[in-house]
Structures are given as C-alpha cells and as structure tokens.
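Q: Input file: input.cif. Contents: mmCIF, C-alpha atoms and all ligand atoms.
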data_coords
loop_
_atom_site.label_atom_id
_atom_site.label_comp_id
_atom_site.auth_asym_id
_atom_site.auth_seq_id
_atom_site.Cartn_x
_atom_site.Cartn_y
_atom_site.Cartn_z
CA MET L 1 44.48 -54.26 66.81
CA THR L 2 42.06 -52.05 64.90
CA THR L 3 43.32 -49.10 62.86
CA GLU L 4 41.62 -46.57 65.16
CA ILE L 5 43.34 -47.98 68.21
CA GLU L 6 46.64 -47.93 66.34
CA ILE L 7 46.13 -44.27 65.45
CA ALA L 8 45.16 -43.33 69.02
CA LYS L 9 48.28 -45.11 70.26
CA GLN L 10 50.50 -43.29 67.76
CA ILE L 11 49.16 -39.93 68.96
CA TYR L 12 49.50 -40.93 72.62
CA ASP L 13 53.13 -41.98 72.05
CA LEU L 14 53.85 -38.73 70.21
CA ALA L 15 52.33 -36.62 72.98
CA LYS L 16 54.20 -38.57 75.63
CA GLU L 17 57.50 -38.26 73.82
CA GLN L 18 57.02 -34.52 73.31
CA GLY L 19 55.46 -33.73 76.70
CA TRP L 20 51.97 -32.61 75.67
CA ILE L 21 49.94 -35.37 77.28
CA LYS L 22 47.93 -32.78 79.26
CA GLN L 23 46.80 -31.08 76.11
CA LEU L 24 45.95 -34.39 74.48
CA LEU L 25 42.41 -34.58 75.80
CA SER L 26 41.56 -31.02 74.90
CA ILE L 27 42.73 -31.34 71.29
CA TYR L 28 39.88 -33.79 70.62
CA LYS L 29 37.27 -31.36 71.97
CA LYS L 30 38.11 -28.15 70.18
CA LYS L 31 37.77 -27.39 66.49
CA HIS L 32 41.20 -26.09 65.55
CA LYS L 33 41.30 -23.20 63.16
CA VAL L 34 43.82 -23.29 60.32
CA LEU L 35 44.31 -20.48 57.82
CA VAL L 36 45.85 -21.49 54.49
CA LEU L 37 47.85 -18.71 52.83
CA GLY L 38 50.14 -18.29 49.84
CA SER L 39 50.22 -16.63 46.43
CA SER L 40 47.93 -17.59 43.54
CA GLY L 41 48.64 -20.88 41.79
CA VAL L 42 50.92 -22.18 44.49
CA GLY L 43 48.61 -25.15 45.19
CA LYS L 44 46.58 -24.28 48.33
CA THR L 45 43.23 -25.63 47.14
CA ASN L 46 44.69 -28.83 45.71
CA LEU L 47 46.58 -29.30 48.98
CA LEU L 48 43.38 -29.00 51.01
CA GLN L 49 41.80 -31.63 48.81
CA SER L 50 44.76 -33.92 49.36
CA LEU L 51 44.12 -33.90 53.12
CA THR L 52 40.97 -35.94 52.60
CA GLN L 53 41.65 -37.65 49.25
CA LEU L 54 44.67 -39.79 48.56
CA LEU L 55 44.98 -38.49 45.01
CA PRO L 56 42.71 -35.55 44.15
CA GLU L 57 41.93 -34.38 40.61
CA VAL L 58 44.30 -31.73 39.26
CA ILE L 59 42.59 -28.33 39.45
CA HIS L 60 42.85 -26.61 36.07
CA TYR L 61 45.07 -23.53 36.15
CA SER L 62 42.19 -21.34 34.97
CA THR L 63 40.09 -22.24 38.04
CA ARG L 64 41.13 -19.89 40.84
CA THR L 65 39.67 -19.51 44.34
CA THR L 66 37.73 -16.30 44.78
CA GLY L 67 36.26 -16.42 48.31
CA THR L 68 37.42 -17.93 51.59
CA PRO L 69 35.79 -21.39 51.64
CA LYS L 70 35.91 -23.30 54.92
CA SER L 71 36.18 -27.07 55.20
CA SER L 72 35.66 -29.08 58.34
CA ILE L 73 38.10 -31.97 58.33
CA GLU L 74 39.06 -34.55 60.92
CA ILE L 75 42.68 -35.62 61.03
CA LYS L 76 43.30 -38.67 63.18
CA SER L 77 39.86 -37.99 64.77
CA ILE L 78 40.90 -34.44 65.75
CA PRO L 79 38.50 -31.76 64.45
CA PHE L 80 39.83 -28.92 62.30
CA VAL L 81 38.38 -26.14 60.22
CA PHE L 82 40.58 -25.12 57.30
CA ILE L 83 40.06 -21.73 55.68
CA ASP L 84 41.26 -21.45 52.09
CA THR L 85 42.14 -17.99 50.75
CA PRO L 86 42.38 -16.51 47.25
CA GLY L 87 45.99 -15.79 46.29
CA GLN L 88 45.27 -13.59 43.28
CA GLU L 89 46.45 -9.99 43.53
CA ASN L 90 42.98 -8.65 42.68
CA HIS L 91 41.52 -10.46 45.71
CA GLU L 92 43.79 -8.71 48.18
CA SER L 93 40.94 -7.11 50.12
CA VAL L 94 39.07 -10.43 50.56
CA ARG L 95 42.25 -12.14 51.69
CA LYS L 96 43.22 -9.41 54.13
CA ALA L 97 39.70 -9.31 55.56
CA ALA L 98 39.93 -13.07 56.26
CA ILE L 99 43.33 -12.67 57.93
CA ARG L 100 41.99 -9.85 60.12
CA GLU L 101 38.80 -11.73 60.95
CA HIS L 102 40.59 -14.85 62.16
CA CYS L 103 43.84 -13.42 63.52
CA GLY L 104 42.82 -13.62 67.16
CA SER L 105 41.60 -17.21 67.07
CA LEU L 106 44.05 -19.07 64.88
CA ASP L 107 45.77 -22.27 65.90
CA LEU L 108 47.85 -22.73 62.80
CA VAL L 109 48.86 -20.92 59.63
CA ILE L 110 49.75 -23.16 56.71
CA ASN L 111 51.87 -21.12 54.40
CA VAL L 112 52.01 -22.79 51.00
CA VAL L 113 54.95 -22.34 48.60
CA CYS L 114 56.12 -24.30 45.55
CA TYR L 115 59.60 -22.98 44.61
CA GLY L 116 58.11 -20.74 41.94
CA TYR L 117 56.21 -23.39 39.96
CA HIS L 118 52.95 -21.47 40.17
CA GLU L 119 50.21 -22.24 37.68
CA TYR L 120 47.48 -19.70 37.22
CA ALA L 121 45.09 -18.29 34.67
CA ARG L 122 47.46 -15.93 32.84
CA GLY L 123 50.85 -17.54 33.49
CA LYS L 124 51.28 -20.19 30.82
CA GLU L 125 52.74 -18.02 28.02
CA GLN L 126 55.44 -16.61 30.30
CA ALA L 127 56.16 -19.92 32.03
CA ILE L 128 57.15 -22.05 29.05
CA THR L 129 59.52 -20.86 26.32
CA ASN L 130 58.87 -21.56 22.61
CA SER L 131 61.26 -24.50 22.80
CA GLY L 132 59.16 -26.01 25.61
CA LYS L 133 61.59 -25.21 28.46
CA ILE L 134 60.60 -23.65 31.76
CA ASN L 135 61.48 -19.96 31.77
CA PRO L 136 63.84 -19.29 34.73
CA GLU L 137 62.62 -15.68 34.96
CA TYR L 138 59.09 -16.95 35.54
CA VAL L 139 59.99 -19.16 38.51
CA LYS L 140 62.26 -16.43 39.91
CA ALA L 141 59.46 -13.86 39.79
CA ASN L 142 57.14 -16.31 41.51
CA ARG L 143 59.63 -17.00 44.28
CA GLU L 144 59.49 -13.26 44.91
CA ARG L 145 55.68 -13.44 44.95
CA GLU L 146 55.94 -16.08 47.68
CA ILE L 147 57.99 -13.63 49.75
CA ASP L 148 55.53 -10.78 49.04
CA ALA L 149 52.69 -13.03 50.20
CA VAL L 150 54.44 -13.73 53.52
CA GLN L 151 55.11 -10.05 54.06
CA GLU L 152 51.47 -9.24 53.44
CA TRP L 153 50.15 -11.53 56.20
CA ASN L 154 53.10 -10.82 58.46
CA ASN L 155 52.05 -7.19 58.58
CA ILE L 156 48.67 -8.23 59.93
CA LEU L 157 49.43 -11.32 62.02
CA GLY L 158 52.90 -10.43 63.26
CA GLY L 159 55.21 -12.99 64.79
CA ASN L 160 53.95 -13.03 68.37
CA ALA L 161 50.50 -14.48 67.97
CA PRO L 162 49.73 -17.81 69.66
CA TYR L 163 49.39 -19.60 66.33
CA ARG L 164 52.04 -21.93 64.92
CA LEU L 165 53.45 -21.77 61.41
CA LEU L 166 53.80 -24.66 58.98
CA THR L 167 55.43 -23.99 55.62
CA VAL L 168 54.40 -26.58 53.06
CA ILE L 169 56.58 -26.76 49.95
CA THR L 170 54.18 -28.39 47.55
CA LYS L 171 54.67 -29.70 43.97
CA ALA L 172 57.58 -31.91 45.07
CA ASP L 173 56.73 -34.05 42.01
CA ILE L 174 58.30 -31.21 39.97
CA TRP L 175 61.25 -29.99 42.08
CA TRP L 176 62.34 -33.18 43.90
CA ASN L 177 65.62 -33.50 41.98
CA SER L 178 66.71 -30.07 43.28
CA ARG L 179 65.56 -30.65 46.83
CA GLU L 180 68.84 -29.56 48.44
CA ASP L 181 68.51 -26.12 46.82
CA VAL L 182 64.82 -26.00 47.63
CA TYR L 183 65.27 -26.75 51.35
CA ASP L 184 68.17 -24.34 51.48
CA HIS L 185 66.04 -21.55 49.99
CA TYR L 186 63.25 -22.04 52.55
CA GLU L 187 65.29 -22.99 55.61
CA LYS L 188 68.03 -20.40 55.48
CA GLY L 189 68.19 -18.77 52.05
CA GLU L 190 66.44 -15.79 50.51
CA TYR L 191 62.97 -16.87 51.56
CA PHE L 192 63.93 -17.44 55.20
CA GLN L 193 65.84 -14.16 55.32
CA ASN L 194 62.68 -12.35 54.28
CA LEU L 195 60.35 -14.06 56.75
CA GLY L 196 60.56 -11.03 59.06
CA ALA L 197 58.54 -11.36 62.26
CA ALA L 198 57.41 -14.85 61.25
CA GLN L 199 60.97 -16.12 61.89
CA GLN L 200 60.10 -15.94 65.61
CA LEU L 201 57.49 -18.63 65.06
CA THR L 202 60.20 -21.19 64.29
CA PRO L 203 58.32 -22.50 61.29
CA VAL L 204 58.24 -26.19 60.54
CA ILE L 205 58.87 -26.96 56.88
CA THR L 206 57.56 -30.01 55.07
CA PRO L 207 57.55 -31.13 51.41
CA HIS L 208 54.32 -32.19 49.74
CA SER L 209 52.75 -33.15 46.44
CA SER L 210 48.97 -33.11 46.10
CA VAL L 211 48.93 -34.54 42.58
CA PHE L 212 51.31 -35.77 39.89
CA HIS L 213 51.08 -33.13 37.21
CA LYS L 214 53.36 -31.77 34.47
CA PHE L 215 53.94 -28.04 34.81
CA TYR L 216 51.12 -26.42 32.78
CA GLY L 217 50.62 -29.87 31.29
CA ILE L 218 53.95 -29.52 29.40
CA GLY L 219 57.03 -29.39 31.66
CA SER L 220 58.61 -32.59 32.91
CA LEU L 221 58.24 -34.16 36.35
CA SER L 222 61.28 -34.86 38.50
CA GLY L 223 60.90 -38.58 37.77
CA ASN L 224 62.44 -39.48 41.12
CA PHE L 225 59.43 -38.57 43.21
CA ASP L 226 57.29 -41.68 43.24
CA GLU L 227 53.99 -42.78 44.76
CA GLN L 228 55.77 -43.95 47.91
CA ASP L 229 57.43 -40.56 48.40
CA ARG L 230 54.07 -38.88 47.95
CA THR L 231 52.37 -41.13 50.51
CA LEU L 232 55.17 -40.53 52.99
CA ALA L 233 55.10 -36.75 52.47
CA ARG L 234 51.33 -36.72 52.97
CA ALA L 235 51.61 -38.75 56.19
CA ASN L 236 54.29 -36.36 57.48
CA LEU L 237 52.13 -33.37 56.63
CA LEU L 238 49.17 -34.79 58.59
CA LYS L 239 51.47 -35.61 61.48
CA SER L 240 52.96 -32.09 61.49
CA ILE L 241 49.50 -30.51 61.59
CA VAL L 242 48.49 -32.61 64.61
CA GLU L 243 51.84 -32.12 66.31
CA LEU L 244 51.85 -28.34 65.92
CA VAL L 245 48.35 -27.98 67.27
CA GLY L 246 49.19 -30.31 70.16
CA LYS L 247 52.46 -28.63 71.07
CA GLY L 248 51.55 -25.01 70.93
CA GLY L 249 48.59 -24.14 68.83
CA ILE L 250 46.05 -24.28 71.60
CA ASN L 251 45.01 -20.79 72.48
CA ASP L 252 42.00 -21.16 74.71
N1 LIG L 301 52.78 -30.74 39.76
C1 LIG L 301 51.90 -30.32 40.64
N2 LIG L 301 51.00 -29.38 40.30
C2 LIG L 301 50.12 -28.97 41.24
C3 LIG L 301 50.10 -29.49 42.56
N3 LIG L 301 49.12 -28.88 43.25
C4 LIG L 301 48.55 -28.01 42.39
N4 LIG L 301 49.14 -28.06 41.17
C5 LIG L 301 48.85 -27.23 40.00
O1 LIG L 301 48.90 -25.88 40.42
C6 LIG L 301 47.72 -25.20 40.06
C7 LIG L 301 47.31 -24.28 41.18
O2 LIG L 301 46.81 -25.04 42.26
P1 LIG L 301 45.67 -24.47 43.20
O3 LIG L 301 45.52 -25.40 44.33
O4 LIG L 301 44.45 -24.14 42.41
O5 LIG L 301 46.37 -23.10 43.66
P2 LIG L 301 45.88 -22.03 44.74
O6 LIG L 301 47.05 -21.75 45.60
O7 LIG L 301 44.65 -22.52 45.40
O8 LIG L 301 45.60 -20.75 43.85
P3 LIG L 301 44.47 -19.58 44.06
O9 LIG L 301 43.16 -20.27 44.25
O10 LIG L 301 44.55 -18.76 42.84
O11 LIG L 301 44.92 -18.81 45.28
C8 LIG L 301 46.66 -26.25 39.76
O12 LIG L 301 45.86 -25.74 38.71
C9 LIG L 301 47.46 -27.48 39.39
O13 LIG L 301 47.61 -27.51 37.99
C10 LIG L 301 51.07 -30.51 42.89
O14 LIG L 301 51.16 -31.03 44.00
N5 LIG L 301 51.93 -30.87 41.89
MG MG L 302 42.74 -21.88 45.41
#
In structure tokens, write the structure found in this file.
A:
Amino acid sequence: MTTEIEIAKQIYDLAKEQGWIKQLLSIYKKKHKVLVLGSSGVGKTNLLQSLTQLLPEVIHYSTRTTGTPKSSIEIKSIPFVFIDTPGQENHESVRKAAIREHCGSLDLVINVVCYGYHEYARGKEQAITNSGKINPEYVKANREREIDAVQEWNNILGGNAPYRLLTVITKADIWWNSREDVYDHYEKGEYFQNLGAAQQLTPVITPHSSVFHKFYGIGSLSGNFDEQDRTLARANLLKSIVELVGKGGIND
C-alpha cells in the first residue's frame, strides 16, 4: 500500500468514526482559512514552519513578525491557508485589522501559548536571573499576556462564530516535566477561567514543540521530552487541524 493511500484511508476511517463522511469530499475542494494568534514570542512563526518541516531552524528571539504573512499548506492533501499575526504590543492595529478582515470567513483559530516561556527582542534580561535561573515573575507576567491576547481577539471574534478553536501549548521541550500543571492551567485553571466567550467553542488543546531549544539559549530543557514525543505531538497537531475542519469548521 502506498503512503498516500494509507493517509486517505486514515482520514476516511476518522470521518466514518466521527460521522463527517458527508463533509469529507468538500474538505478537499475548499482552501480552509486558519488564523494563528497569540502574544509575541510564544512561538507562532516557528510552529507554522514545523507544519511543513520536521525540524525547522530556531528563529532568533530578535526576529519578530511584523505583518500578517500567509502560507498555503497542504495537510494530508487538504488545502489550507495559514495567516500568521504579529504578537508584539506595538503591532496591535495590524493584528486587529487582520482579525476583523478574516472574522467572517475563518475555519479555525489556532491560539498559541507556551506556559509563559516567551522569547522576544527585549525579554532576555528579565527572563534569566544573574545566577542563570529562570525568573518566575517573568513567566507569570507572560502567562497573563497569553490571557490578554485571548481577550483581545475574543472581543472581535466572540464565541459564536462558525470557526473552531485549537489551543496549541508549544515549547513542550521546556515544560514537559510540569505537564500536569500545564494542562491544568489551560484546561480548567486560570487561563481557562479567563477564556470568556471562547469557552463556548469547546477548545481542543494539544501540546507541541517546533524545535529543541534552551530558553534564550541558556535555560535547561525538560530532558524528558525526546524526539519521539516531538514526532507524536506534531502528528497529533496535524490530525487535530484536519479533524476540527472536518467536524465543524466548514462554513460555506
Ligand atoms: N524551546 C523552544 N523554543 C521555541 C519553540 N518555538 C519557538 N521557540 C523560541 O521562541 C521564540 C519565539 O518564537 P516565534 O515563533 O518567533 O514567536 P512568535 O509567536 O511568532 O512571535 P511574534 O512574531 O513576535 O508574534 C523563537 O525565537 C525561539 O527561540 C519551541 O518549540 N521550543
Ligand atoms: Mg512571529
């Protein structure tokens, strides 16, 4: 059996199991629109690269996204267009304009979070203490930024739109040892409590790691998140994207 036939069979079985066989044909015809949101340094652009590359290059923390670049990507032969957004506070107007422009035609929002391990142009001094430890105040403040970011798009998109919501907790290579706390935070803890209208979208949550990379090139990795875990997380992410679009993201 060729790989393509295997993939087609996997999708057919999934659709059959979940009752979206009827939609199956149409998902190959339409280009599904996915908006990628989240605060600066959370890992959106690296995550988009990891959809098409098994192990992308680490983006340097000083290189931030400024516009809203689109990439056309096929996942399991299904066509998608992914729209990246700039998370930096000073790009608020660009980001909001993109959310408004696409809000009526979205199939999926990928909301990217990383449990506060943001890396961005001016963060390094606050992130790592003189003794080389990660500053807990830094990650705490960034977890709040993740919540602020959700509230920003929530105010525009609301919770009743036809799009589906996928929360990707990236940088698992850093936080894997604390995964119980991490899942708790996003599934029912402070983050979930502040999801507002987006709670109605019954978000799917999935862990991810685009690259293996020490925090700001200094902090340690979890050590327990290996290449196999990364491959599995990536496969689950791709599956979740296809599944969400198949089950409910079709809005034409
Ligand atoms: N350890 C680890 N670091 C990552 C991962 N993905 C990204 N990073 C680091 O996080 C930084 C930010 O990633 P980006 O993808 O540029 O973040 P972004 O969300 O696109 O940020 P903006 O473009 O400012 O909105 C990168 O410079 C990498 O150093 C990951 O999976 N694991
Ligand atoms: Mg970016």
Q: What is the CA of Lys76 in chain L to CA of Tyr163 in chain L distance in Å?
A: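 Computed distance, CA of Lys76 in chain L to CA of Tyr163 in chain L, equals 20.3 Å.
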Q: Just the residues within 6 Å of Ala149 in chain L, please, counting all atoms listed in the file, with nothing from its chain fewer than 3 positions along; format it as a ChimeraX atom specification.
A: /L:38-39,146,152
Q: Go ahead and write the residues just picked, C-alpha atoms, as a PDB file, in the frame of the given file.
A:
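Listing of again-v3.pdb after writing:
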ATOM      1  CA  GLY L  38      50.140 -18.290  49.840  1.00  0.00           C
ATOM      2  CA  SER L  39      50.220 -16.630  46.430  1.00  0.00           C
ATOM      3  CA  GLU L 146      55.940 -16.080  47.680  1.00  0.00           C
ATOM      4  CA  GLU L 152      51.470  -9.240  53.440  1.00  0.00           C
TER       5      GLU L 152
END
Q: Between CA of Ser40 in chain L and CA of Asn154 in chain L, what is the spacing in Å?
A: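 According to the coordinates, CA of Asn154 in chain L and CA of Ser40 in chain L are separated by 17.2 Å.
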Q: Residues within 8 Å of ligand LIG 301 (chain L) (all atoms listed in the file), as a compact mmCIF listing (two decimals) with C-alpha atoms, in the coordinates of the input?
A:
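Saved as out27.txt:
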# COMPACT_ATOMS: atom_id res chain seq x y z
CA LEU L 37 47.85 -18.71 52.83
CA GLY L 38 50.14 -18.29 49.84
CA SER L 39 50.22 -16.63 46.43
CA SER L 40 47.93 -17.59 43.54
CA GLY L 41 48.64 -20.88 41.79
CA VAL L 42 50.92 -22.18 44.49
CA GLY L 43 48.61 -25.15 45.19
CA LYS L 44 46.58 -24.28 48.33
CA THR L 45 43.23 -25.63 47.14
CA ASN L 46 44.69 -28.83 45.71
CA LEU L 47 46.58 -29.30 48.98
CA LEU L 48 43.38 -29.00 51.01
CA VAL L 58 44.30 -31.73 39.26
CA ILE L 59 42.59 -28.33 39.45
CA HIS L 60 42.85 -26.61 36.07
CA TYR L 61 45.07 -23.53 36.15
CA SER L 62 42.19 -21.34 34.97
CA THR L 63 40.09 -22.24 38.04
CA ARG L 64 41.13 -19.89 40.84
CA THR L 65 39.67 -19.51 44.34
CA THR L 66 37.73 -16.30 44.78
CA ASP L 84 41.26 -21.45 52.09
CA THR L 85 42.14 -17.99 50.75
CA PRO L 86 42.38 -16.51 47.25
CA GLY L 87 45.99 -15.79 46.29
CA GLN L 88 45.27 -13.59 43.28
CA VAL L 112 52.01 -22.79 51.00
CA TYR L 117 56.21 -23.39 39.96
CA HIS L 118 52.95 -21.47 40.17
CA GLU L 119 50.21 -22.24 37.68
CA TYR L 120 47.48 -19.70 37.22
CA THR L 170 54.18 -28.39 47.55
CA LYS L 171 54.67 -29.70 43.97
CA ALA L 172 57.58 -31.91 45.07
CA ASP L 173 56.73 -34.05 42.01
CA ILE L 174 58.30 -31.21 39.97
CA HIS L 208 54.32 -32.19 49.74
CA SER L 209 52.75 -33.15 46.44
CA SER L 210 48.97 -33.11 46.10
CA VAL L 211 48.93 -34.54 42.58
CA PHE L 212 51.31 -35.77 39.89
CA HIS L 213 51.08 -33.13 37.21
CA LYS L 214 53.36 -31.77 34.47
CA PHE L 215 53.94 -28.04 34.81
CA TYR L 216 51.12 -26.42 32.78
CA GLY L 217 50.62 -29.87 31.29
CA LEU L 221 58.24 -34.16 36.35
Q: One decimal, in Å: what's the spacing between CA of Leu108 in chain L and CA of Ile83 in chain L?
A: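 Rounded to one decimal, the two atoms are 10.6 Å apart.
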Q: Measuring atom to atom with all atoms listed in the file, identify which of L:Ile7, L:Val150, L:Ala121, L:Ile78 is nearest to ligand MG 302 (chain L).
A: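 Between L:Ile7, L:Val150, L:Ala121, L:Ile78, the residue approaching ligand MG 302 (chain L) most closely is L:Ala121.
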Q: Which neighbours of range 71-74 of chain L fall inside 12 Å, counting all atoms listed in the file, when residues of the same chain fewer than 5 positions from it are skipped, and could you give them as a short mmCIF file (atom, residue, chain, number, x, y, z; two decimals) with C-alpha atoms, keeping the file's coordinate frame?
A:
data_model
loop_
_atom_site.label_atom_id
_atom_site.label_comp_id
_atom_site.auth_asym_id
_atom_site.auth_seq_id
_atom_site.Cartn_x
_atom_site.Cartn_y
_atom_site.Cartn_z
CA ILE L 27 42.73 -31.34 71.29
CA TYR L 28 39.88 -33.79 70.62
CA LYS L 29 37.27 -31.36 71.97
CA LYS L 30 38.11 -28.15 70.18
CA LYS L 31 37.77 -27.39 66.49
CA HIS L 32 41.20 -26.09 65.55
CA LYS L 33 41.30 -23.20 63.16
CA VAL L 34 43.82 -23.29 60.32
CA LEU L 35 44.31 -20.48 57.82
CA VAL L 36 45.85 -21.49 54.49
CA THR L 45 43.23 -25.63 47.14
CA LEU L 48 43.38 -29.00 51.01
CA GLN L 49 41.80 -31.63 48.81
CA SER L 50 44.76 -33.92 49.36
CA LEU L 51 44.12 -33.90 53.12
CA THR L 52 40.97 -35.94 52.60
CA GLN L 53 41.65 -37.65 49.25
CA PRO L 79 38.50 -31.76 64.45
CA PHE L 80 39.83 -28.92 62.30
CA VAL L 81 38.38 -26.14 60.22
CA PHE L 82 40.58 -25.12 57.30
CA ILE L 83 40.06 -21.73 55.68
CA ASP L 84 41.26 -21.45 52.09
CA THR L 85 42.14 -17.99 50.75
CA LEU L 238 49.17 -34.79 58.59
CA ILE L 241 49.50 -30.51 61.59
CA VAL L 242 48.49 -32.61 64.61
#
Q: So which residues touch Asn177 in chain L within 12 Å, counting only C-alpha atoms, skipping near sequence neighbours fewer than 2 positions away, as a short mmCIF file (atom, residue, chain, number, x, y, z; two decimals) with C-alpha atoms, in the frame of the given file?
A:
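What landed in out14.cif:
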data_model
loop_
_atom_site.label_atom_id
_atom_site.label_comp_id
_atom_site.auth_asym_id
_atom_site.auth_seq_id
_atom_site.Cartn_x
_atom_site.Cartn_y
_atom_site.Cartn_z
CA LYS L 171 54.67 -29.70 43.97
CA ALA L 172 57.58 -31.91 45.07
CA ASP L 173 56.73 -34.05 42.01
CA ILE L 174 58.30 -31.21 39.97
CA TRP L 175 61.25 -29.99 42.08
CA ARG L 179 65.56 -30.65 46.83
CA GLU L 180 68.84 -29.56 48.44
CA ASP L 181 68.51 -26.12 46.82
CA VAL L 182 64.82 -26.00 47.63
CA TYR L 183 65.27 -26.75 51.35
CA SER L 220 58.61 -32.59 32.91
CA LEU L 221 58.24 -34.16 36.35
CA SER L 222 61.28 -34.86 38.50
CA GLY L 223 60.90 -38.58 37.77
CA ASN L 224 62.44 -39.48 41.12
CA PHE L 225 59.43 -38.57 43.21
CA ASP L 226 57.29 -41.68 43.24
#
Q: Please identify all polymer residues within 10 Å of range 189-199 of chain L, counting only C-alpha atoms, omitting same-chain residues fewer than 6 positions from it, and present them as a list in words.
A: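 Answer for this query is Tyr115, Arg143, Glu144, Glu146, Ile147, Asp148, Val150, Gln151, Trp153, Asn154, Asn155, Leu157, Gly158, Gly159, Asn160, Ala161, Arg164, Leu165, Asp181, Val182 and Tyr183 of chain L.
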Q: Rank L:Ser105, L:Gly67, L:Ser93, L:Gln200 by their smallest atom-to-atom distance to ligand MG 302 (chain L), using all atoms listed in the file, and report the top residue only.
A: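 Among the listed residues, the smallest separation from ligand MG 302 (chain L) belongs to L:Gly67.
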Q: Quick one: of L:His91, L:Lys96, L:Thr167, L:Gln23, who's nearest to ligand MG 302 (chain L), counting all atoms listed in the file?
A: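 When distances to ligand MG 302 (chain L) are compared using all atoms listed in the file, the smallest one comes from L:His91.
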Q: Specify the axis-aligned box that encloses all atoms of range 195-210 of chain L listed in the file after padding of 5 Å on each side, stating its centre and edge lengths in Å to one decimal as AutoDock Vina command-line options.
A:
--center_x 55.0 --center_y -22.1 --center_z 55.9 --size_x 22.0 --size_y 32.1 --size_z 29.5
Q: With all atoms listed in the file as the basis for distance, which of L:Glu17, L:Ile134, L:Ile156, L:Gln126 is at the shortest distance from Ala97 in chain L?
A: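 That would be L:Ile156, the residue with the smallest distance to Ala97 in chain L.
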